[in-house]
Structures are given as structure tokens and as C-alpha cells.
>>> print(open('entry.csv').read())   # CSV, C-alpha atoms and all ligand atoms
chain,number,residue,atom,x,y,z
A,1,MET,CA,2.1,-13.3,5.0
A,2,ARG,CA,1.6,-11.2,8.1
A,3,ILE,CA,1.3,-7.4,8.3
A,4,ASP,CA,1.3,-5.6,11.7
A,5,ILE,CA,0.1,-2.0,11.6
A,6,ILE,CA,0.9,0.4,14.5
A,7,THR,CA,-1.5,3.4,14.8
A,8,ILE,CA,-3.2,5.8,17.1
A,9,PHE,CA,-6.4,5.4,15.0
A,10,PRO,CA,-7.1,1.7,14.9
A,11,GLU,CA,-10.7,2.4,13.9
A,12,MET,CA,-9.5,3.8,10.6
A,13,PHE,CA,-8.7,0.2,9.5
A,14,ASP,CA,-12.2,-1.2,10.2
A,15,GLY,CA,-13.3,-0.5,6.6
A,16,PRO,CA,-10.5,-1.1,4.1
A,17,PHE,CA,-9.7,-4.7,5.0
A,18,SER,CA,-13.2,-6.0,5.5
A,19,HIS,CA,-14.2,-6.2,1.9
A,20,SER,CA,-13.5,-7.8,-1.4
A,21,MET,CA,-10.1,-9.4,-2.1
A,22,ILE,CA,-8.4,-8.4,1.1
A,23,LYS,CA,-11.2,-9.8,3.2
A,24,ARG,CA,-11.0,-13.0,1.1
A,25,ALA,CA,-7.2,-13.2,1.5
A,26,GLN,CA,-7.6,-13.2,5.2
A,27,ALA,CA,-10.5,-15.7,5.2
A,28,LYS,CA,-8.4,-18.1,3.1
A,29,GLY,CA,-5.5,-17.8,5.5
A,30,LEU,CA,-3.2,-16.2,2.8
A,31,ALA,CA,-2.7,-13.0,4.8
A,32,GLU,CA,-3.0,-11.9,8.4
A,33,ILE,CA,-3.4,-8.2,9.3
A,34,HIS,CA,-3.0,-7.2,12.9
A,35,ILE,CA,-3.8,-3.6,14.1
A,36,HIS,CA,-2.0,-2.3,17.2
A,37,ASN,CA,-3.2,0.7,19.1
A,38,LEU,CA,-0.1,2.7,20.0
A,39,ARG,CA,-1.9,4.2,23.0
A,40,ASP,CA,-1.8,0.7,24.6
A,41,TYR,CA,2.0,1.4,24.9
A,42,ALA,CA,1.6,5.0,26.2
A,43,VAL,CA,3.9,6.4,28.8
A,44,ASN,CA,1.2,7.4,31.3
A,45,LYS,CA,-2.5,6.9,32.2
A,46,HIS,CA,-3.5,9.8,29.9
A,47,ARG,CA,-2.3,7.5,27.0
A,48,LYS,CA,0.2,10.1,26.0
A,49,VAL,CA,2.3,9.1,22.9
A,50,ASP,CA,3.6,12.5,21.8
A,51,ASP,CA,5.5,15.5,23.3
A,52,TYR,CA,6.8,19.0,22.4
A,53,PRO,CA,9.7,19.2,20.0
A,54,PHE,CA,13.1,20.1,21.5
A,55,GLY,CA,14.2,23.5,20.1
A,56,GLY,CA,10.6,24.6,19.8
A,57,GLY,CA,8.3,24.9,16.8
A,58,ALA,CA,4.7,24.0,16.0
A,59,GLY,CA,3.3,20.6,16.4
A,60,MET,CA,3.9,17.6,18.6
A,61,VAL,CA,6.4,14.8,18.0
A,62,MET,CA,5.7,11.1,18.5
A,63,MET,CA,7.8,9.8,21.4
A,64,ILE,CA,10.3,6.9,21.2
A,65,GLN,CA,9.1,4.8,24.1
A,66,PRO,CA,5.6,3.7,23.0
A,67,VAL,CA,6.7,2.9,19.5
A,68,ALA,CA,9.9,1.1,20.7
A,69,ASP,CA,7.9,-0.9,23.2
A,70,CYS,CA,5.3,-2.0,20.7
A,71,ILE,CA,7.9,-3.0,18.1
A,72,ASP,CA,10.1,-4.8,20.7
A,73,LYS,CA,7.1,-6.8,21.8
A,74,LEU,CA,6.3,-7.9,18.2
A,75,LYS,CA,9.9,-8.7,17.6
A,76,VAL,CA,10.0,-11.1,20.5
A,77,GLU,CA,7.2,-13.0,18.9
A,78,ARG,CA,8.6,-13.3,15.4
A,79,ASN,CA,11.3,-12.0,13.0
A,80,TYR,CA,10.3,-9.1,10.8
A,81,ASP,CA,11.7,-8.7,7.3
A,82,GLU,CA,10.9,-5.0,7.2
A,83,ILE,CA,9.9,-2.4,9.8
A,84,ILE,CA,8.5,0.4,7.8
A,85,PHE,CA,7.7,4.0,8.7
A,86,MET,CA,5.0,5.6,6.6
A,87,THR,CA,6.0,9.2,5.9
A,88,PRO,CA,5.8,11.7,3.0
A,89,ASP,CA,9.6,11.9,2.9
A,90,GLY,CA,10.1,8.2,2.4
A,91,VAL,CA,10.9,6.3,-0.8
A,92,LEU,CA,8.1,6.6,-3.3
A,93,PHE,CA,5.9,3.5,-3.3
A,94,ASP,CA,5.5,1.8,-6.7
A,95,GLN,CA,4.7,-1.6,-8.3
A,96,PRO,CA,8.2,-3.0,-8.1
A,97,LEU,CA,8.3,-2.1,-4.4
A,98,ALA,CA,4.9,-3.8,-3.9
A,99,ASN,CA,6.2,-6.9,-5.7
A,100,LYS,CA,9.2,-7.0,-3.5
A,101,LEU,CA,7.3,-6.6,-0.2
A,102,SER,CA,4.8,-9.3,-1.3
A,103,MET,CA,7.7,-11.8,-1.2
A,104,VAL,CA,8.5,-11.5,2.5
A,105,ASN,CA,6.8,-13.1,5.5
A,106,ASN,CA,6.4,-10.4,8.1
A,107,ILE,CA,6.2,-6.6,7.9
A,108,ILE,CA,5.5,-3.9,10.4
A,109,LEU,CA,3.9,-0.6,9.1
A,110,MET,CA,4.2,2.3,11.5
A,111,CYS,CA,1.8,5.2,10.9
A,112,GLY,CA,3.2,8.6,11.6
A,113,HIS,CA,1.3,11.6,12.9
A,114,TYR,CA,1.6,15.1,14.3
A,115,LYS,CA,4.7,16.9,13.2
A,116,GLY,CA,6.7,13.7,12.9
A,117,ILE,CA,8.5,11.1,15.0
A,118,ASP,CA,11.6,11.2,17.2
A,119,GLU,CA,14.4,11.0,14.7
A,120,ARG,CA,16.2,8.3,16.8
A,121,LEU,CA,13.4,5.9,15.9
A,122,ARG,CA,14.1,6.5,12.3
A,123,GLU,CA,17.8,5.9,12.8
A,124,HIS,CA,17.5,2.8,15.0
A,125,TYR,CA,14.2,1.0,14.5
A,126,PHE,CA,12.9,1.3,11.0
A,127,THR,CA,14.4,-0.7,8.2
A,128,SER,CA,12.8,1.5,5.5
A,129,GLU,CA,10.5,4.5,5.0
A,130,ILE,CA,7.7,4.7,2.4
A,131,SER,CA,5.7,7.5,0.9
A,132,ILE,CA,2.7,6.8,-1.2
A,133,GLY,CA,3.0,10.1,-3.1
A,134,ASP,CA,4.1,13.7,-3.1
A,135,TYR,CA,1.4,15.1,-0.9
A,136,VAL,CA,0.9,15.2,2.8
A,137,LEU,CA,-1.9,13.2,4.5
A,138,THR,CA,-3.1,13.8,8.0
A,139,GLY,CA,-1.4,10.6,9.0
A,140,GLY,CA,0.2,7.4,7.8
A,141,GLU,CA,-3.0,5.3,8.2
A,142,LEU,CA,-4.4,5.7,4.6
A,143,ALA,CA,-0.8,5.2,3.3
A,144,ALA,CA,-0.5,2.0,5.3
A,145,ALA,CA,-3.8,0.8,4.0
A,146,VAL,CA,-2.7,1.5,0.4
A,147,VAL,CA,0.5,-0.5,0.8
A,148,THR,CA,-1.3,-3.4,2.5
A,149,ASP,CA,-3.8,-3.6,-0.3
A,150,ALA,CA,-1.3,-3.4,-3.1
A,151,VAL,CA,0.9,-6.1,-1.4
A,152,ILE,CA,-1.7,-8.6,-0.4
A,153,ARG,CA,-3.5,-8.7,-3.8
A,154,LEU,CA,-0.2,-10.0,-5.2
A,155,LEU,CA,0.0,-13.0,-2.9
A,156,PRO,CA,-0.6,-16.3,-4.8
A,157,GLY,CA,-4.2,-17.4,-4.6
A,158,VAL,CA,-5.7,-14.0,-3.7
A,159,LEU,CA,-6.7,-13.0,-7.3
A,160,SER,CA,-8.3,-15.5,-9.6
A,161,ASP,CA,-6.6,-16.2,-13.0
A,162,GLU,CA,-8.6,-13.8,-15.0
A,163,THR,CA,-7.8,-10.9,-12.7
A,164,SER,CA,-4.2,-12.0,-12.4
A,165,ALA,CA,-1.9,-9.3,-11.1
A,166,LEU,CA,0.5,-9.9,-13.9
A,167,SER,CA,-1.7,-8.1,-16.4
A,168,ASP,CA,-2.0,-5.0,-14.2
A,169,SER,CA,-0.9,-1.6,-15.3
A,170,PHE,CA,2.7,-1.0,-14.3
A,171,GLN,CA,3.7,-4.7,-14.1
A,172,ASP,CA,5.4,-4.5,-17.5
A,173,ASN,CA,6.0,-0.7,-17.4
A,174,LEU,CA,2.9,-0.2,-19.6
A,175,LEU,CA,-0.6,1.1,-18.7
A,176,SER,CA,-3.4,-1.3,-19.3
A,177,PRO,CA,-5.3,-1.1,-22.6
A,178,PRO,CA,-9.0,0.0,-22.6
A,179,VAL,CA,-11.6,-2.7,-21.8
A,180,TYR,CA,-15.3,-3.0,-22.8
A,181,THR,CA,-18.3,-5.1,-21.9
A,182,ARG,CA,-21.8,-5.7,-23.2
A,183,PRO,CA,-23.7,-4.2,-24.9
A,184,SER,CA,-21.4,-3.9,-27.9
A,185,GLU,CA,-23.3,-0.7,-28.9
A,186,TYR,CA,-24.6,2.0,-26.5
A,187,ASN,CA,-25.8,5.4,-27.7
A,188,SER,CA,-24.2,4.6,-31.0
A,189,TRP,CA,-20.8,4.2,-29.2
A,190,VAL,CA,-19.4,0.9,-30.5
A,191,VAL,CA,-16.8,-1.5,-29.2
A,192,PRO,CA,-13.7,-1.7,-31.5
A,193,ASP,CA,-14.4,-4.4,-34.1
A,194,VAL,CA,-11.3,-6.3,-33.4
A,195,LEU,CA,-12.5,-7.2,-29.9
A,196,THR,CA,-15.6,-8.9,-31.2
A,197,SER,CA,-13.7,-10.6,-34.1
A,198,GLY,CA,-12.7,-13.7,-32.2
A,199,ASN,CA,-9.2,-13.4,-33.7
A,200,GLU,CA,-7.0,-14.0,-30.6
A,201,LYS,CA,-3.8,-12.9,-32.3
A,202,GLU,CA,-5.3,-9.7,-33.6
A,203,ILE,CA,-6.8,-8.9,-30.2
A,204,LYS,CA,-3.5,-9.4,-28.4
A,205,LYS,CA,-1.8,-7.2,-31.0
A,206,TRP,CA,-4.4,-4.5,-30.7
A,207,GLN,CA,-4.3,-4.6,-26.9
A,208,ASN,CA,-0.5,-4.2,-26.9
A,209,GLU,CA,-0.7,-1.2,-29.4
A,210,GLN,CA,-3.3,0.4,-27.2
A,211,ALA,CA,-1.2,-0.1,-24.1
A,212,VAL,CA,1.9,1.4,-25.7
A,213,ASP,CA,-0.1,4.4,-27.2
A,214,ARG,CA,-1.8,5.1,-23.9
A,215,THR,CA,1.4,4.9,-22.0
A,216,ARG,CA,3.1,7.2,-24.5
A,217,LEU,CA,0.3,9.7,-24.2
A,218,ARG,CA,-0.3,9.6,-20.4
A,219,ARG,CA,2.9,8.4,-18.8
A,220,PRO,CA,5.8,8.9,-21.3
A,221,ASP,CA,8.2,8.6,-18.3
A,222,MET,CA,7.3,4.9,-17.9
A,223,LEU,CA,8.6,4.2,-21.4
A,224,ASP,CA,12.0,5.5,-20.5
A,225,LYS,CA,12.4,2.9,-17.8
B,301,LIG,N1,1.9,10.3,6.0
B,301,LIG,C1,1.5,11.6,5.6
B,301,LIG,N2,1.6,11.7,4.3
B,301,LIG,C2,2.1,10.5,3.8
B,301,LIG,C3,2.4,10.0,2.5
B,301,LIG,N3,2.2,10.8,1.4
B,301,LIG,N4,2.9,8.8,2.4
B,301,LIG,C4,3.1,8.0,3.5
B,301,LIG,N5,2.8,8.4,4.7
B,301,LIG,C5,2.3,9.7,4.9
>>> encode(input="entry.csv", output="C-alpha cells", more="lines below")
Ligand code: ADE
Amino acid sequence: MRIDIITIFPEMFDGPFSHSMIKRAQAKGLAEIHIHNLRDYAVNKHRKVDDYPFGGGAGMVMMIQPVADCIDKLKVERNYDEIIFMTPDGVLFDQPLANKLSMVNNIILMCGHYKGIDERLREHYFTSEISIGDYVLTGGELAAAVVTDAVIRLLPGVLSDETSALSDSFQDNLLSPPVYTRPSEYNSWVVPDVLTSGNEKEIKKWQNEQAVDRTRLRRPDMLDK
């Protein structure tokens, strides 16, 4: 799978993709992440990519041309399944959407900034728009990093069996049950007996009950789904 990210802050992606699973996914050739500096497509030598809003108002608006030129260039090179604009007024990102995106080959993630982006790009260029939550970030970069991480970890071969994505919270509309490791007693806090009993059937039953209880308590909305 290939993810192309368009941004005015390419340095923001130096960290998130150079560690752990996402680094390994790239090293194993399971995922390619390409960062494109929008200013390389700027309209003038001052690397301008934004302008004042028609009708007035505070804040600058991202211009059509640099974004269109960058996307057009990428589209000549390959077909894209989704060209996604990261924005707080997009569709809320969740596990089913991550699952869906992990099944396609090529995605563009466009990071928004300033007051917004020329609406004509939203009408004519983007195939969908994603928000990672009901709060406003300074730009779409962190949101694009979140989506990239959530999608790439689902690709076959990225996680080992024991960390399989299938047992994640949200995959079956349940939160994950609590987990424990050694020592079995710390400060007189003990691990639930059943987990050290060796009885696989009882352990599975306990884990399922815990998952349901935890979901009912913390996220009752998930049980309605
Ligand atoms: N850009 C700013 N805030 C955002 C959010 N919550 N989701 C996606 N992109 C954003």
C-alpha cells in the first residue's frame, strides 16, 4: 500500500513514521509513505500557497493551484483509490473506516491549514474528507499521521500474530479486557486468579465478560451498534 501526504510542514512527519511498527512495515516493503511539500508547487518564488478569503474575514485560505498541481502530478503516476482532505468537518474516523482504507492500494492525504481550503478543491478534487475527532488541531498533519498509523498497522504482515489487529478494542464493537504481566503480586495487588489458572476456556470466558462490562461502563454507545 502507498500513502502520499501533502503538507506545508513535511518535517512534522520525521518522527511518527520512523519507529516501531510503521518503520518496520516500510522496511519490509508492506507500506510506502511519501511526503510532498506543498510549497514545491507554490504559485511564486515566495512559495505562496495561501491567499485572502473573498468576502473578507480573518485567516488565509489555501489556494487551488498548488494543491491541484501536486495531486495532478501524482495522478499521472498512478491511480488513487481515495484522495482525502483532513479537516475537522469531515467524516469521523473510526475502526471500520481504518479497515476499509487498509484494503486499497493508493491514498492521498491532504493536510489542511489556515482558515481552510478553497471550496472548489473540496468539490472537484477530494473523494472524501476525514476528521479524527471533534476538536480543532492547528493543521491536518497530526490527523494524517493518525490515519496512516491506524491503516498501516492493519496490513497483513505488519503485526505479529500475538499482537493481531483482530483482537483490538473496537474491532468487534467491544473494548479490550484488562491485561496483566509479571509479577503476579505487587504491593499486595494480585492478578485475577483465573488468568493464572491455565484453564483456557475459563480465561476466554472471563476476558469476554470483562470486555462487555468495560464497554457497558465506558462506552455504552458501542453496544448499541
Ligand atoms: N485539521 C484540524 N483539525 C482536524 C481534525 N480534528 N481532524 C482532521 N483534520 C483536522
>>> residues_around(input="entry.csv", residues="range 169-171 of chain A", least_positions_apart="4", cutoff="10 Å", atoms="all atoms listed in the file", output="PDB file with C-alpha atoms, keeping the file's coordinate frame")
ATOM      1  CA  ASP A  94       5.500   1.800  -6.700  1.00  0.00           C
ATOM      2  CA  GLN A  95       4.700  -1.600  -8.300  1.00  0.00           C
ATOM      3  CA  PRO A  96       8.200  -3.000  -8.100  1.00  0.00           C
ATOM      4  CA  ASN A  99       6.200  -6.900  -5.700  1.00  0.00           C
ATOM      5  CA  ALA A 165      -1.900  -9.300 -11.100  1.00  0.00           C
ATOM      6  CA  LEU A 175      -0.600   1.100 -18.700  1.00  0.00           C
ATOM      7  CA  SER A 176      -3.400  -1.300 -19.300  1.00  0.00           C
ATOM      8  CA  PRO A 177      -5.300  -1.100 -22.600  1.00  0.00           C
ATOM      9  CA  ALA A 211      -1.200  -0.100 -24.100  1.00  0.00           C
ATOM     10  CA  THR A 215       1.400   4.900 -22.000  1.00  0.00           C
ATOM     11  CA  MET A 222       7.300   4.900 -17.900  1.00  0.00           C
TER      12      MET A 222
END
>>> closest_atom_pairs(input="entry.csv", of="chain A", to="ligand LIG 301 (chain B)", cutoff="7 Å", atoms="all atoms listed in the file", output="JSON lines")
{"residue": "A:Met86", "atom": "CA", "partner": "B:LIG301", "partner_atom": "N5", "distance": 4.0}
{"residue": "A:Thr87", "atom": "CA", "partner": "B:LIG301", "partner_atom": "N5", "distance": 3.5}
{"residue": "A:Pro88", "atom": "CA", "partner": "B:LIG301", "partner_atom": "C3", "distance": 3.8}
{"residue": "A:Gly112", "atom": "CA", "partner": "B:LIG301", "partner_atom": "N1", "distance": 6.0}
{"residue": "A:Ile130", "atom": "CA", "partner": "B:LIG301", "partner_atom": "C4", "distance": 5.8}
{"residue": "A:Ser131", "atom": "CA", "partner": "B:LIG301", "partner_atom": "N4", "distance": 3.4}
{"residue": "A:Ile132", "atom": "CA", "partner": "B:LIG301", "partner_atom": "N4", "distance": 4.1}
{"residue": "A:Gly133", "atom": "CA", "partner": "B:LIG301", "partner_atom": "N3", "distance": 4.6}
{"residue": "A:Asp134", "atom": "CA", "partner": "B:LIG301", "partner_atom": "N3", "distance": 5.7}
{"residue": "A:Tyr135", "atom": "CA", "partner": "B:LIG301", "partner_atom": "N3", "distance": 4.9}
{"residue": "A:Val136", "atom": "CA", "partner": "B:LIG301", "partner_atom": "N2", "distance": 3.9}
{"residue": "A:Leu137", "atom": "CA", "partner": "B:LIG301", "partner_atom": "N2", "distance": 3.8}
{"residue": "A:Thr138", "atom": "CA", "partner": "B:LIG301", "partner_atom": "C1", "distance": 5.6}
{"residue": "A:Gly139", "atom": "CA", "partner": "B:LIG301", "partner_atom": "N1", "distance": 4.5}
{"residue": "A:Gly140", "atom": "CA", "partner": "B:LIG301", "partner_atom": "N1", "distance": 3.8}
{"residue": "A:Ala143", "atom": "CA", "partner": "B:LIG301", "partner_atom": "C4", "distance": 4.8}
>>> closest_residue(input="entry.csv", among="A:Gln65, A:Thr181, A:Asn199, A:Thr148", to="Ile5 in chain A", atoms="all atoms listed in the file")
A:Thr148
>>> closest_residue(input="entry.csv", among="A:Val194, A:Gly55, A:Ile35, A:Leu174", to="Asp213 in chain A", atoms="only C-alpha atoms")
A:Leu174
>>> atom_distance(input="entry.csv", atom1="CA of Met63 in chain A", atom2="CA of Ala145 in chain A")
22.8 Å
>>> atom_distance(input="entry.csv", atom1="CA of Ser128 in chain A", atom2="CA of Gly157 in chain A")
27.4 Å
>>> atom_distance(input="entry.csv", atom1="CA of Met60 in chain A", atom2="CA of Lys73 in chain A")
24.8 Å
>>> decode(input="entry.csv", residues="range 30-59 of chain A", atoms="N, CA, C and O atoms", output="CSV table (one decimal), in the first residue's frame")
chain,number,residue,atom,x,y,z
A,30,LEU,N,5.9,-3.4,2.9
A,30,LEU,CA,4.5,-3.6,3.0
A,30,LEU,C,3.8,-2.3,2.8
A,30,LEU,O,2.6,-2.2,2.4
A,31,ALA,N,4.4,-1.2,3.2
A,31,ALA,CA,3.8,0.2,3.0
A,31,ALA,C,4.9,1.1,2.5
A,31,ALA,O,6.1,1.1,2.9
A,32,GLU,N,4.4,2.1,1.7
A,32,GLU,CA,5.3,3.2,1.3
A,32,GLU,C,4.6,4.5,1.7
A,32,GLU,O,3.4,4.6,1.4
A,33,ILE,N,5.3,5.3,2.4
A,33,ILE,CA,4.8,6.7,2.7
A,33,ILE,C,5.6,7.7,2.1
A,33,ILE,O,6.8,7.7,2.2
A,34,HIS,N,5.0,8.6,1.3
A,34,HIS,CA,5.7,9.7,0.6
A,34,HIS,C,5.1,11.0,1.0
A,34,HIS,O,3.9,11.2,1.0
A,35,ILE,N,6.1,11.9,1.5
A,35,ILE,CA,5.7,13.2,1.9
A,35,ILE,C,6.0,14.2,0.9
A,35,ILE,O,7.1,14.3,0.3
A,36,HIS,N,5.0,15.1,0.5
A,36,HIS,CA,5.2,16.1,-0.5
A,36,HIS,C,5.0,17.5,0.1
A,36,HIS,O,4.0,17.7,0.7
A,37,ASN,N,6.0,18.3,-0.1
A,37,ASN,CA,5.9,19.7,0.4
A,37,ASN,C,5.1,20.5,-0.6
A,37,ASN,O,5.5,20.8,-1.7
A,38,LEU,N,4.0,21.0,-0.1
A,38,LEU,CA,3.1,21.8,-1.0
A,38,LEU,C,3.8,23.0,-1.5
A,38,LEU,O,3.5,23.5,-2.6
A,39,ARG,N,4.7,23.5,-0.8
A,39,ARG,CA,5.4,24.8,-1.2
A,39,ARG,C,6.2,24.5,-2.5
A,39,ARG,O,6.6,25.5,-3.2
A,40,ASP,N,6.6,23.3,-2.8
A,40,ASP,CA,7.2,23.0,-4.1
A,40,ASP,C,6.3,23.2,-5.3
A,40,ASP,O,6.8,23.2,-6.4
A,41,TYR,N,5.0,23.4,-5.0
A,41,TYR,CA,4.1,23.6,-6.1
A,41,TYR,C,3.5,25.0,-6.0
A,41,TYR,O,2.4,25.3,-6.5
A,42,ALA,N,4.2,25.9,-5.2
A,42,ALA,CA,3.7,27.3,-5.0
A,42,ALA,C,3.6,28.1,-6.2
A,42,ALA,O,4.2,27.8,-7.3
A,43,VAL,N,2.8,29.2,-6.1
A,43,VAL,CA,2.5,30.0,-7.3
A,43,VAL,C,3.6,31.0,-7.6
A,43,VAL,O,3.6,31.6,-8.7
A,44,ASN,N,4.5,31.3,-6.6
A,44,ASN,CA,5.5,32.3,-6.9
A,44,ASN,C,6.8,31.9,-6.1
A,44,ASN,O,6.8,31.0,-5.4
A,45,LYS,N,7.8,32.8,-6.3
A,45,LYS,CA,9.1,32.5,-5.7
A,45,LYS,C,9.1,32.6,-4.2
A,45,LYS,O,10.0,32.1,-3.5
A,46,HIS,N,8.0,33.3,-3.7
A,46,HIS,CA,7.9,33.4,-2.2
A,46,HIS,C,7.3,32.1,-1.7
A,46,HIS,O,7.0,32.1,-0.5
A,47,ARG,N,7.0,31.1,-2.5
A,47,ARG,CA,6.5,29.8,-2.1
A,47,ARG,C,5.1,30.0,-1.5
A,47,ARG,O,4.7,29.3,-0.6
A,48,LYS,N,4.3,30.9,-2.1
A,48,LYS,CA,3.0,31.2,-1.6
A,48,LYS,C,2.0,30.1,-1.9
A,48,LYS,O,1.9,29.7,-3.1
A,49,VAL,N,1.3,29.7,-0.9
A,49,VAL,CA,0.2,28.7,-1.2
A,49,VAL,C,-1.1,29.1,-0.6
A,49,VAL,O,-2.1,28.3,-0.7
A,50,ASP,N,-1.2,30.3,-0.1
A,50,ASP,CA,-2.5,30.7,0.5
A,50,ASP,C,-2.8,32.2,0.1
A,50,ASP,O,-1.9,32.9,-0.3
A,51,ASP,N,-4.0,32.6,0.3
A,51,ASP,CA,-4.4,34.0,-0.1
A,51,ASP,C,-5.6,34.4,0.8
A,51,ASP,O,-6.2,33.6,1.5
A,52,TYR,N,-5.9,35.7,0.7
A,52,TYR,CA,-7.0,36.2,1.5
A,52,TYR,C,-8.4,35.7,1.0
A,52,TYR,O,-8.6,35.4,-0.2
A,53,PRO,N,-9.3,35.5,1.9
A,53,PRO,CA,-10.6,35.0,1.5
A,53,PRO,C,-11.5,36.0,0.8
A,53,PRO,O,-11.5,37.2,1.2
A,54,PHE,N,-12.1,35.6,-0.3
A,54,PHE,CA,-13.1,36.5,-0.9
A,54,PHE,C,-14.2,36.8,0.1
A,54,PHE,O,-14.6,35.9,0.8
A,55,GLY,N,-14.7,38.0,0.1
A,55,GLY,CA,-15.7,38.4,1.1
A,55,GLY,C,-15.2,38.8,2.4
A,55,GLY,O,-16.0,39.1,3.3
A,56,GLY,N,-13.9,38.7,2.6
A,56,GLY,CA,-13.3,39.2,3.8
A,56,GLY,C,-13.3,38.1,4.9
A,56,GLY,O,-13.7,37.0,4.7
A,57,GLY,N,-12.9,38.6,6.1
A,57,GLY,CA,-12.8,37.7,7.3
A,57,GLY,C,-11.4,37.3,7.6
A,57,GLY,O,-10.5,37.6,6.9
A,58,ALA,N,-11.3,36.8,8.8
A,58,ALA,CA,-9.9,36.5,9.4
A,58,ALA,C,-9.4,35.2,8.7
A,58,ALA,O,-10.1,34.4,8.4
A,59,GLY,N,-8.0,35.2,8.7
A,59,GLY,CA,-7.4,33.9,8.3
A,59,GLY,C,-7.2,33.8,6.8
A,59,GLY,O,-7.9,34.5,6.0
